[in-house]
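Report on the structure given below.
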2 protein chains.
Amino acid sequence: MAEERANDSRQRVVVEHVSPEIDCGRFAIKRVIGETVVVEAAVFADGHDQVVCQIWYWQDKNKLQYAPMTALGNDLWRGEFRIDNLGRYFYIVEGWIDRFQTWHLELAKRIAAGQDVGVELVIGAGLIDEAAGLAGREDAAYLREWAKRLQAAKDKPEGATIAFEEKSLGIMQRNPVHHLGASYAKELSVTADREKARFSTWYEVFPRSCAVEAGKHGTFRDCETWLPYIAGMGFDVVYLPPVHPIGRAFRKGKNNSIEPLRDDVGSPWAIGAIDGGHTGVHSELGSLEDFKHFVSAAAKNGLEVALDIAFQCSPDHPWVREHSEWFRKRPDGTIQYAENPPKKYQDIYPLDFESANYRKLWEGLKGVFDFWIAQGVRIFRVDNPHTKPFAFWEWAIAEIKAKHPDVILLAEAFTRPHVMQRLAKLGFSQSYTYFTWRNTKQELTEYFTELTQTEAREYFRPNLWPNTPDILPEYLQLGGRPAFMARFILAATLGASYGIYGPAFELCENAPMEPGSEEYLNSEKYELKRRDLDSPVSLKDLITRVNAIRKSSPALQKNLNLHFHDCENTSIICYSKASDDLSDVILVIVNLDSFQKQGGMVQLDLAAIGIDAARPFQVHDLLAEAEYTWQGARNFVELTPEIRPAHILRVVQQV
Amino acid sequence: MAEERANDSRQRVVVEHVSPEIDCGRFAIKRVIGETVVVEAAVFADGHDQVVCQIWYWQDKNKLQYAPMTALGNDLWRGEFRIDNLGRYFYIVEGWIDRFQTWHLELAKRIAAGQDVGVELVIGAGLIDEAAGLAGREDAAYLREWAKRLQAAKDKPEGATIAFEEKSLGIMQRNPVHHLGASYAKELSVTADREKARFSTWYEVFPRSCAVEAGKHGTFRDCETWLPYIAGMGFDVVYLPPVHPIGRAFRKGKNNSIEPLRDDVGSPWAIGAIDGGHTGVHSELGSLEDFKHFVSAAAKNGLEVALDIAFQCSPDHPWVREHSEWFRKRPDGTIQYAENPPKKYQDIYPLDFESANYRKLWEGLKGVFDFWIAQGVRIFRVDNPHTKPFAFWEWAIAEIKAKHPDVILLAEAFTRPHVMQRLAKLGFSQSYTYFTWRNTKQELTEYFTELTQTEAREYFRPNLWPNTPDILPEYLQLGGRPAFMARFILAATLGASYGIYGPAFELCENAPMEPGSEEYLNSEKYELKRRDLDSPVSLKDLITRVNAIRKSSPALQKNLNLHFHDCENTSIICYSKASDDLSDVILVIVNLDSFQKQGGMVQLDLAAIGIDAARPFQVHDLLAEAEYTWQGARNFVELTPEIRPAHILRVVQQV
């Protein structure tokens, strides 16, 4: 390939505008195993010679593979390759002048014009000989023989016939001479993840609220008894808030009070106490052995454990004593606690990434991941990554994934777009999104068009959360159970990955700390909770059904196949997801109004869902187990919030 | 600046998406002296600290200059710098955390909340001391004193007052500490040309057709007598086809005949004969001295001479003997002539850029430019650059412009978009365009929107030609004199640079070789022509007037200020150009129908031309010397092709 050749200024081919390419090749695109990378490029040369190009791709540079590219017209070319393994892939595009093809096309024109082609046949024989010199033994012998015959027939009428032998042309075609081949200057890369990086279903639970006995601190063992409940609803990731010892100093009481009671349990995010820090286990939850037992119990239920990594320390954290240089000192000798002036968070010491000893700090933090990976954890939800340096994350994630390419990291950054995008680009496998606050049809359409139709599609994998322990959105506060149903269906069908913070979610808990606040009243962050999982208000049946639909539908397991359809009623949103071969087409129609029945005509883009307007087609409502026969683009729908705020329709047209 | 610092992984600021940037910084943008470069970038950091950024720019890296950037919101920043000299400029963006500003903003919040800020004042004093360490003597002394006073007042009520002293803050502001500053990874560049690279008015003439006596071969001296005529019409570039000895072998006769008569003059593009090649002067035109005399005579008339550089050789060219290795040999020992099978051009030998000795060839070709530059030529029209390698042009143009940054090169490439764009990117100052074949309102609007609103605006400077010796477009063939008028006005007002091949153009010569051909009948490429410059059909008065309008209108001397306005009649196109300060606003309305009077309402975008809809405004027709008073966006126009196919209106609203 090209790099093996000297950089020869006689190279006449230009390869430019290779896509996908993120920030001039600075960052990798993302794929999961089984997906393809479709590569496009502009490839052209001066003059009128025939240009050919191909993709070179590799994981190991000693094992190059190539994929052909075909011309799209206007000097644009396209090809693709498939991702089969975890890790990193690299790709470039190489273009070259195909002298043989140029010669052959011109020969045909000369012959058609009745010109003498004797000298041309000698030139062609030379090109074939050149190819023979690079071909395998058998082909080389054949090509040499062909060149000889061509040369011998140069002044005879059969010369032309020999030049157009189909078999010979075929052998020539598989032995192309990359004449002065020129490659794209940059090696572009792909992060290849396992499928769960794209398609995953998360359930967040506080183990300490899983005790059987009222008022008791729940343990990992207690939480194990919940696993069948969680798995039964169809989740495949059980995500735990930090499991580490909780600090005592400045501990927050119930409802974030700065005057805690003696038995207040504290926030799991105030990490570190006398008995351990980020690699410790909170004794009230159990031992490290109990945690590992929990991980294997989860696995038996088809669940992976996702751990919360929150890089901040309570004043009691062992690092405060052992690595005081990792924290910023104030002139009065005290350690700088977290602040957002005038607010003070004296229970939290941020780490000082600008300290001279930052390399040790980086190593220490990566060690936290290493520790939990050694305990069998492969999924991490990273708390507030946007308050730690980008350079740290880029280094740490590369280090982690080099050894453990199956690790998945979810970035919990609810911040400005450039910052969220940067975190995704530098390596986070999944990202929290603005979905949590996108409620209207216009907001949802614009946001998901951005996520699926702009460059972000190549590296930003959304994970949609209708609620979190920190966020009870106003829409849920006001809309009650119908709002929870609608937001759940949106999350589970707009996103290949989504998660809920349960059981607060399925039990439709919607009391805020105070009007205008997104904090939960009596938040689980500061106290133990006890719930009735069998409450009649619970959405567990809906959740179970929707997750089953997701499992049975390849289309819903992807993000980039999202297509919006029109509906005249602004309270009704309609979108479809279809598998590439259109064998699986799901149409989702949601009433976004939690209070009123809404109806109207939806205007389907039939081409996008593979439907022939001339014939009727069936839509199976997978939620209601009903069937309708529709025809044409315009069809009427009506949705009642409290009963069924949405249709999830499988679209089928008999052949 | 950043490069002087070690690349420190503690850098927390990200600088990305810097624009303008062509192909990831691979190519320079273009500006002329007096223009500005507006730079935008996304600049942000982790966390909540205050980020600041600025542009660094330079011609000589030892003389860095900077320009401030201001926040646009959403982490985007903008700044600009002015181009004052010819040559190359470079620019980067540097961002850093402004610790002092961060501290100061937070201090204000703390004080407002009534917090004790004693320790904060000590921290602030430290930051001021740090700035003092980098400041000039006077400022340093002031800042040290300020820090001292702040420190001393840390526990006193006046501490806060001292921290907010306006004078002190001003001195601090002009001594920013670029804390862990991070720069954009690439140095972006600008090619700075003289104004004529953007605004130029070309007249192409064959000196051999300038003889006073019928049938005689014209000379440079004859052509000198035409200079007042050309300059009188307002042109500032007189462009000559190749002036070199013309080959005898396979010389083409009249109308491209392959059977020339003894006295046929041959094509100036069949370069090279016994008496010289690309550095020779065709003896029938005169001597090299005569050429130089012509160049100074032109200068006296306010005209620059543009020379045609066509890198191809007649079989008689000295290089064929002296550098036979620059040509491709066929197996029968003959030299490969130009072909486009089945067509053969035996009068032309192309140069072989793939030859092993290509470096010598490159040097030889650049030597041609060097030779003519030494004779006082600074403008070159390069023939078919798209049939020579991109790498050659990029090298040659860089070499030429490094020594002679005032050189202007026009690329005569009528080929596919990517190829034309590449030539512009790699260094050609101006480019021929598809204007020659864009006739309808939709075609013109789309094409000029592409040239002025896409990335091409940064590097592709159009030069619009309604005709050339090779192209007599069908529109002119069919539309006759009204078509010539309309196309002329379009070229001269859509493009800051345009050219005509005269006198064929102003005399409205429109007979094609045959129907469907764009070749001129009895083309001047193969024979001497004799014309009556005073013919009543001549457009010289119109040309003179329009060029005078161009000279008096800064707005018409630019390309990127083009704005299209609606007109309900598809035969009427309406557009404006305005100076940045709206002191010069030109509105052009053209009837594209050469046969019918057309009228209709134009719908002006008043904001784009700085007009208040509530008050009347005046439009002065600079072609008809008429004045109209209009009000509001909708106004009626009517244009008669044979009399006046266009309005060129100066728009003025009294204050």
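Please note that chains go A, B, ... in the order of the structure tokens, that every chain numbers its residues from 1, and that ligands are numbered from 1 in the order shown.
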Contact residues (chain B, partner chain A, 9 Å, only C-alpha atoms) as a ChimeraX atom specification: /B:9-14,16-17,23-24,42-48,74-75,106-113,115,119-120,122-123,180,330-332,340-343,353-356,358-359,385-392,416-419,422
All residues 12 Å or closer to segment 575-582 of chain B, only C-alpha atoms, same chain fewer than 2 positions away omitted, as a ChimeraX atom specification: /B:35-36,441,444-445,448-449,452,490,493-496,550,553-567,572-573,584-590,602-611,646-653
Pick out the residues sitting within 12 Å of Phe460 of chain A, and hand them over as a CSV table (one decimal) with all heavy atoms, in the first residue's frame; count only C-alpha atoms, and ignore anything fewer than 2 positions along from it in its own chain.
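Resulting contents of out06.csv:
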```csv
chain,number,residue,atom,x,y,z
A,22,ILE,N,-13.9,12.8,11.8
A,22,ILE,CA,-14.3,13.7,12.8
A,22,ILE,C,-13.2,14.6,13.1
A,22,ILE,O,-12.1,14.2,13.5
A,22,ILE,CB,-14.7,12.9,14.1
A,22,ILE,CG1,-15.8,11.9,13.8
A,22,ILE,CG2,-15.2,13.9,15.2
A,22,ILE,CD1,-17.0,12.4,13.2
A,27,PHE,N,-10.4,12.4,16.0
A,27,PHE,CA,-11.2,11.5,16.8
A,27,PHE,C,-11.7,10.3,16.0
A,27,PHE,O,-11.9,10.4,14.8
A,27,PHE,CB,-12.3,12.2,17.5
A,27,PHE,CG,-11.9,13.3,18.4
A,27,PHE,CD1,-12.1,14.6,18.1
A,27,PHE,CD2,-11.3,13.0,19.6
A,27,PHE,CE1,-11.7,15.6,18.9
A,27,PHE,CE2,-10.9,14.0,20.5
A,27,PHE,CZ,-11.1,15.3,20.1
A,28,ALA,N,-11.9,9.2,16.7
A,28,ALA,CA,-12.4,8.0,16.0
A,28,ALA,C,-13.9,8.1,15.9
A,28,ALA,O,-14.6,8.8,16.7
A,28,ALA,CB,-12.1,6.8,16.9
A,29,ILE,N,-14.5,7.5,14.8
A,29,ILE,CA,-15.9,7.3,14.8
A,29,ILE,C,-16.2,6.0,15.6
A,29,ILE,O,-15.3,5.3,16.0
A,29,ILE,CB,-16.4,7.1,13.3
A,29,ILE,CG1,-15.8,5.9,12.7
A,29,ILE,CG2,-16.2,8.4,12.5
A,29,ILE,CD1,-16.5,5.4,11.4
A,30,LYS,N,-17.5,5.8,15.9
A,30,LYS,CA,-17.9,4.6,16.7
A,30,LYS,C,-18.7,3.7,15.9
A,30,LYS,O,-19.6,4.1,15.1
A,30,LYS,CB,-18.6,5.1,17.9
A,30,LYS,CG,-17.8,6.0,18.9
A,30,LYS,CD,-18.5,6.0,20.2
A,30,LYS,CE,-17.6,6.9,21.2
A,30,LYS,NZ,-18.1,8.3,21.2
A,31,ARG,N,-18.5,2.4,16.1
A,31,ARG,CA,-19.3,1.4,15.5
A,31,ARG,C,-19.5,0.2,16.5
A,31,ARG,O,-18.6,0.1,17.4
A,31,ARG,CB,-18.8,0.8,14.2
A,31,ARG,CG,-18.8,1.8,13.0
A,31,ARG,CD,-20.2,2.1,12.6
A,31,ARG,NE,-20.2,2.9,11.3
A,31,ARG,CZ,-20.1,4.3,11.3
A,31,ARG,NH1,-20.0,4.9,12.5
A,31,ARG,NH2,-20.1,4.9,10.2
A,197,ALA,N,-23.1,-1.3,23.6
A,197,ALA,CA,-22.8,0.2,23.5
A,197,ALA,C,-23.8,1.0,22.8
A,197,ALA,O,-24.0,2.1,23.0
A,197,ALA,CB,-21.4,0.4,22.9
A,198,ARG,N,-24.5,0.3,21.9
A,198,ARG,CA,-25.6,1.0,21.1
A,198,ARG,C,-27.0,0.7,21.7
A,198,ARG,O,-27.8,1.5,21.9
A,198,ARG,CB,-25.5,0.6,19.6
A,198,ARG,CG,-26.5,1.4,18.8
A,198,ARG,CD,-26.6,0.8,17.4
A,198,ARG,NE,-27.3,-0.5,17.4
A,198,ARG,CZ,-27.1,-1.5,16.6
A,198,ARG,NH1,-26.2,-1.4,15.6
A,198,ARG,NH2,-27.7,-2.7,16.7
A,410,LEU,N,-20.6,5.5,30.1
A,410,LEU,CA,-21.7,6.5,29.9
A,410,LEU,C,-21.3,7.8,30.5
A,410,LEU,O,-21.1,7.9,31.7
A,410,LEU,CB,-23.0,5.9,30.5
A,410,LEU,CG,-24.2,6.9,30.6
A,410,LEU,CD1,-24.6,7.5,29.3
A,410,LEU,CD2,-25.3,6.2,31.3
A,411,ALA,N,-21.3,8.9,29.7
A,411,ALA,CA,-21.0,10.2,30.3
A,411,ALA,C,-22.2,10.9,30.8
A,411,ALA,O,-23.2,11.2,30.1
A,411,ALA,CB,-20.4,11.0,29.1
A,417,PRO,N,-23.6,22.1,24.5
A,417,PRO,CA,-23.4,21.1,23.4
A,417,PRO,C,-22.0,20.8,23.1
A,417,PRO,O,-21.6,19.6,22.9
A,417,PRO,CB,-24.1,21.8,22.2
A,417,PRO,CG,-25.1,22.8,22.8
A,417,PRO,CD,-24.5,23.2,24.2
A,418,HIS,N,-21.1,21.8,23.0
A,418,HIS,CA,-19.7,21.5,22.6
A,418,HIS,C,-19.0,20.6,23.6
A,418,HIS,O,-18.2,19.8,23.2
A,418,HIS,CB,-18.9,22.8,22.4
A,418,HIS,CG,-19.1,23.5,21.1
A,418,HIS,ND1,-19.9,24.7,21.0
A,418,HIS,CD2,-18.7,23.3,19.9
A,418,HIS,CE1,-19.9,25.1,19.8
A,418,HIS,NE2,-19.2,24.2,19.1
A,419,VAL,N,-19.3,20.8,24.8
A,419,VAL,CA,-18.7,20.0,25.9
A,419,VAL,C,-19.2,18.6,25.8
A,419,VAL,O,-18.4,17.7,25.9
A,419,VAL,CB,-19.0,20.7,27.3
A,419,VAL,CG1,-18.4,19.8,28.4
A,419,VAL,CG2,-18.4,22.1,27.3
A,420,MET,N,-20.5,18.4,25.7
A,420,MET,CA,-21.0,17.1,25.6
A,420,MET,C,-20.5,16.3,24.4
A,420,MET,O,-20.1,15.2,24.4
A,420,MET,CB,-22.6,17.1,25.5
A,420,MET,CG,-23.2,17.6,26.9
A,420,MET,SD,-25.0,17.7,26.9
A,420,MET,CE,-25.4,16.0,26.7
A,421,GLN,N,-20.4,17.1,23.3
A,421,GLN,CA,-19.9,16.4,22.0
A,421,GLN,C,-18.4,16.1,22.2
A,421,GLN,O,-18.0,15.0,21.8
A,421,GLN,CB,-20.1,17.4,20.9
A,421,GLN,CG,-21.5,17.5,20.4
A,421,GLN,CD,-21.8,18.7,19.6
A,421,GLN,OE1,-20.9,19.4,19.2
A,421,GLN,NE2,-23.1,18.9,19.3
A,422,ARG,N,-17.6,16.9,22.8
A,422,ARG,CA,-16.2,16.6,23.0
A,422,ARG,C,-16.0,15.4,23.8
A,422,ARG,O,-15.2,14.5,23.5
A,422,ARG,CB,-15.5,17.8,23.7
A,422,ARG,CG,-14.0,17.7,23.9
A,422,ARG,CD,-13.3,18.1,22.6
A,422,ARG,NE,-11.9,18.0,22.7
A,422,ARG,CZ,-11.0,18.4,21.8
A,422,ARG,NH1,-11.5,19.0,20.7
A,422,ARG,NH2,-9.7,18.3,21.9
A,423,LEU,N,-16.8,15.2,24.9
A,423,LEU,CA,-16.7,14.0,25.7
A,423,LEU,C,-17.0,12.8,24.9
A,423,LEU,O,-16.3,11.7,25.0
A,423,LEU,CB,-17.6,14.1,26.9
A,423,LEU,CG,-17.2,15.2,28.0
A,423,LEU,CD1,-18.3,15.5,28.9
A,423,LEU,CD2,-15.9,14.7,28.7
A,424,ALA,N,-18.0,12.9,24.1
A,424,ALA,CA,-18.4,11.7,23.2
A,424,ALA,C,-17.2,11.4,22.2
A,424,ALA,O,-16.8,10.3,22.0
A,424,ALA,CB,-19.7,12.0,22.5
A,425,LYS,N,-16.7,12.5,21.7
A,425,LYS,CA,-15.6,12.3,20.7
A,425,LYS,C,-14.4,11.7,21.3
A,425,LYS,O,-13.7,10.9,20.7
A,425,LYS,CB,-15.3,13.7,20.1
A,425,LYS,CG,-16.3,14.2,19.1
A,425,LYS,CD,-15.7,15.4,18.3
A,425,LYS,CE,-16.3,16.7,18.8
A,425,LYS,NZ,-15.9,17.9,18.0
A,426,LEU,N,-14.1,12.1,22.5
A,426,LEU,CA,-12.8,11.6,23.0
A,426,LEU,C,-12.9,10.2,23.6
A,426,LEU,O,-11.9,9.7,24.0
A,426,LEU,CB,-12.2,12.6,24.1
A,426,LEU,CG,-13.1,12.9,25.3
A,426,LEU,CD1,-12.9,11.8,26.4
A,426,LEU,CD2,-12.6,14.3,25.9
A,427,GLY,N,-14.1,9.7,23.6
A,427,GLY,CA,-14.1,8.2,23.9
A,427,GLY,C,-15.3,7.7,24.7
A,427,GLY,O,-15.5,6.5,24.8
A,428,PHE,N,-16.1,8.5,25.3
A,428,PHE,CA,-17.3,8.0,26.0
A,428,PHE,C,-18.2,7.2,25.1
A,428,PHE,O,-18.5,7.7,24.0
A,428,PHE,CB,-18.1,9.0,26.8
A,428,PHE,CG,-17.4,9.4,28.1
A,428,PHE,CD1,-16.6,10.5,28.1
A,428,PHE,CD2,-17.6,8.7,29.2
A,428,PHE,CE1,-15.9,10.9,29.3
A,428,PHE,CE2,-17.0,9.0,30.4
A,428,PHE,CZ,-16.2,10.1,30.5
A,429,SER,N,-18.6,6.0,25.5
A,429,SER,CA,-19.3,5.1,24.6
A,429,SER,C,-20.8,5.6,24.4
A,429,SER,O,-21.4,5.3,23.4
A,429,SER,CB,-19.4,3.7,25.2
A,429,SER,OG,-18.2,3.4,25.9
A,430,GLN,N,-21.3,6.1,25.5
A,430,GLN,CA,-22.7,6.6,25.5
A,430,GLN,C,-22.8,8.0,26.2
A,430,GLN,O,-21.9,8.3,27.0
A,430,GLN,CB,-23.6,5.6,26.2
A,430,GLN,CG,-23.7,4.3,25.6
A,430,GLN,CD,-24.8,3.4,26.3
A,430,GLN,OE1,-25.3,3.7,27.4
A,430,GLN,NE2,-25.2,2.3,25.6
A,431,SER,N,-23.8,8.7,25.9
A,431,SER,CA,-24.0,10.0,26.6
A,431,SER,C,-25.4,10.2,27.0
A,431,SER,O,-26.3,9.9,26.3
A,431,SER,CB,-23.6,11.1,25.6
A,431,SER,OG,-22.3,10.9,25.1
A,432,TYR,N,-25.5,10.8,28.2
A,432,TYR,CA,-26.8,11.4,28.6
A,432,TYR,C,-27.2,12.5,27.6
A,432,TYR,O,-26.3,13.0,26.9
A,432,TYR,CB,-26.8,12.0,30.0
A,432,TYR,CG,-26.9,11.0,31.1
A,432,TYR,CD1,-25.9,10.1,31.4
A,432,TYR,CD2,-28.0,11.0,32.0
A,432,TYR,CE1,-25.9,9.2,32.4
A,432,TYR,CE2,-28.1,10.1,33.0
A,432,TYR,CZ,-27.0,9.2,33.3
A,432,TYR,OH,-27.1,8.3,34.3
A,433,THR,N,-28.4,12.8,27.5
A,433,THR,CA,-28.9,13.8,26.4
A,433,THR,C,-29.8,14.8,27.0
A,433,THR,O,-30.2,14.8,28.2
A,433,THR,CB,-29.6,13.0,25.3
A,433,THR,OG1,-30.9,12.6,25.9
A,433,THR,CG2,-28.9,11.8,24.8
A,448,PHE,N,-33.7,15.2,17.8
A,448,PHE,CA,-33.3,13.9,17.3
A,448,PHE,C,-32.9,13.9,15.8
A,448,PHE,O,-32.1,13.0,15.4
A,448,PHE,CB,-34.4,12.9,17.6
A,448,PHE,CG,-34.4,12.4,19.0
A,448,PHE,CD1,-35.1,13.1,20.0
A,448,PHE,CD2,-33.6,11.4,19.4
A,448,PHE,CE1,-35.0,12.8,21.3
A,448,PHE,CE2,-33.5,11.0,20.7
A,448,PHE,CZ,-34.2,11.7,21.7
A,450,GLU,N,-30.9,16.3,14.9
A,450,GLU,CA,-29.5,16.7,15.1
A,450,GLU,C,-28.7,15.5,15.5
A,450,GLU,O,-27.6,15.2,15.0
A,450,GLU,CB,-29.5,17.7,16.2
A,450,GLU,CG,-28.1,18.2,16.6
A,450,GLU,CD,-28.1,19.0,17.9
A,450,GLU,OE1,-29.0,19.8,18.1
A,450,GLU,OE2,-27.2,18.9,18.7
A,451,LEU,N,-29.2,14.6,16.4
A,451,LEU,CA,-28.5,13.5,16.9
A,451,LEU,C,-28.3,12.4,15.8
A,451,LEU,O,-27.3,11.7,15.8
A,451,LEU,CB,-29.2,12.8,18.1
A,451,LEU,CG,-29.1,13.6,19.4
A,451,LEU,CD1,-29.8,12.8,20.5
A,451,LEU,CD2,-27.7,14.0,19.8
A,452,THR,N,-29.2,12.3,14.9
A,452,THR,CA,-29.2,11.2,13.9
A,452,THR,C,-28.8,11.7,12.5
A,452,THR,O,-28.4,10.8,11.7
A,452,THR,CB,-30.5,10.5,13.8
A,452,THR,OG1,-31.6,11.4,13.4
A,452,THR,CG2,-30.9,9.9,15.2
A,453,GLN,N,-28.9,13.0,12.2
A,453,GLN,CA,-28.6,13.4,10.8
A,453,GLN,C,-27.3,14.2,10.7
A,453,GLN,O,-26.9,14.5,9.6
A,453,GLN,CB,-29.8,14.2,10.2
A,453,GLN,CG,-31.1,13.4,10.3
A,453,GLN,CD,-31.1,12.1,9.5
A,453,GLN,OE1,-30.4,12.1,8.4
A,453,GLN,NE2,-31.7,11.1,10.0
A,454,THR,N,-26.8,14.7,11.8
A,454,THR,CA,-25.5,15.5,11.6
A,454,THR,C,-24.3,14.6,12.0
A,454,THR,O,-24.5,13.5,12.3
A,454,THR,CB,-25.6,16.7,12.6
A,454,THR,OG1,-25.5,16.2,14.0
A,454,THR,CG2,-26.8,17.5,12.5
A,455,GLU,N,-23.2,15.2,11.9
A,455,GLU,CA,-21.9,14.5,12.1
A,455,GLU,C,-21.9,13.8,13.5
A,455,GLU,O,-21.3,12.7,13.6
A,455,GLU,CB,-20.8,15.5,12.1
A,455,GLU,CG,-19.4,14.9,12.1
A,455,GLU,CD,-18.3,16.0,12.3
A,455,GLU,OE1,-18.3,16.5,13.4
A,455,GLU,OE2,-17.6,16.2,11.3
A,456,ALA,N,-22.7,14.3,14.4
A,456,ALA,CA,-22.8,13.7,15.8
A,456,ALA,C,-23.2,12.2,15.7
A,456,ALA,O,-22.8,11.4,16.5
A,456,ALA,CB,-23.8,14.4,16.6
A,457,ARG,N,-23.9,11.8,14.6
A,457,ARG,CA,-24.3,10.4,14.5
A,457,ARG,C,-23.1,9.5,14.5
A,457,ARG,O,-23.3,8.3,14.8
A,457,ARG,CB,-25.1,10.2,13.2
A,457,ARG,CG,-24.4,10.5,11.9
A,457,ARG,CD,-25.2,10.5,10.7
A,457,ARG,NE,-25.3,9.2,10.1
A,457,ARG,CZ,-26.3,8.6,9.6
A,457,ARG,NH1,-27.5,9.2,9.7
A,457,ARG,NH2,-26.3,7.4,9.1
A,458,GLU,N,-22.0,10.0,14.1
A,458,GLU,CA,-20.8,9.1,14.0
A,458,GLU,C,-20.1,8.8,15.3
A,458,GLU,O,-19.4,7.9,15.4
A,458,GLU,CB,-19.7,9.7,13.1
A,458,GLU,CG,-20.2,10.0,11.7
A,458,GLU,CD,-20.5,8.8,10.8
A,458,GLU,OE1,-20.1,7.7,11.3
A,458,GLU,OE2,-21.1,8.9,9.8
A,462,PRO,N,-26.7,8.3,22.0
A,462,PRO,CA,-27.6,8.8,23.1
A,462,PRO,C,-28.0,7.7,24.0
A,462,PRO,O,-28.3,6.5,23.6
A,462,PRO,CB,-28.7,9.4,22.3
A,462,PRO,CG,-28.7,8.7,21.0
A,462,PRO,CD,-27.3,8.3,20.7
A,463,ASN,N,-28.2,8.0,25.3
A,463,ASN,CA,-28.8,7.1,26.2
A,463,ASN,C,-29.9,8.0,26.9
A,463,ASN,O,-29.5,9.0,27.6
A,463,ASN,CB,-27.8,6.6,27.2
A,463,ASN,CG,-28.4,5.5,28.1
A,463,ASN,OD1,-29.6,5.5,28.4
A,463,ASN,ND2,-27.6,4.6,28.6
A,495,GLY,N,-34.7,6.1,21.4
A,495,GLY,CA,-33.3,5.7,21.7
A,495,GLY,C,-33.1,4.2,21.7
A,495,GLY,O,-33.9,3.5,22.3
A,497,SER,N,-30.7,3.1,23.3
A,497,SER,CA,-30.4,2.9,24.7
A,497,SER,C,-31.2,3.9,25.5
A,497,SER,O,-31.4,5.1,25.1
A,497,SER,CB,-28.9,3.2,24.9
A,497,SER,OG,-28.2,2.1,24.5
A,559,ASN,N,-30.3,3.7,16.2
A,559,ASN,CA,-30.7,5.1,16.3
A,559,ASN,C,-30.8,5.8,15.0
A,559,ASN,O,-31.6,6.7,14.8
A,559,ASN,CB,-29.6,5.8,17.2
A,559,ASN,CG,-29.6,5.4,18.6
A,559,ASN,OD1,-30.6,5.5,19.3
A,559,ASN,ND2,-28.5,5.0,19.1
A,560,LEU,N,-29.9,5.4,14.1
A,560,LEU,CA,-29.7,6.3,12.9
A,560,LEU,C,-30.8,6.1,11.8
A,560,LEU,O,-30.9,6.8,10.8
A,560,LEU,CB,-28.4,6.1,12.3
A,560,LEU,CG,-27.2,6.3,13.3
A,560,LEU,CD1,-25.9,6.2,12.6
A,560,LEU,CD2,-27.4,7.6,14.0
```
Atom pair atom CA of Ala338 of chain B / atom CA of Trp319 of chain B: separation (Å):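 Taking atom CA of Ala338 of chain B and atom CA of Trp319 of chain B, their separation equals 16.0 Å.
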Secondary structure check, alpha helix (DSSP H) residues of segment 274-444 of chain A, as a count of residues only: 63
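One finds atom CA of Ile271 of chain A at 22.9 Å from atom CA of Val407 of chain A.
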Backbone-only DSSP, strand (DSSP E) members of segment 397-633 of chain B, as a VMD selection string: chain B and resid 408 to 412 430 to 431 463 to 464 497 to 501 562 to 567 572 to 578 585 to 591 598 to 603 617 to 621 626 to 630
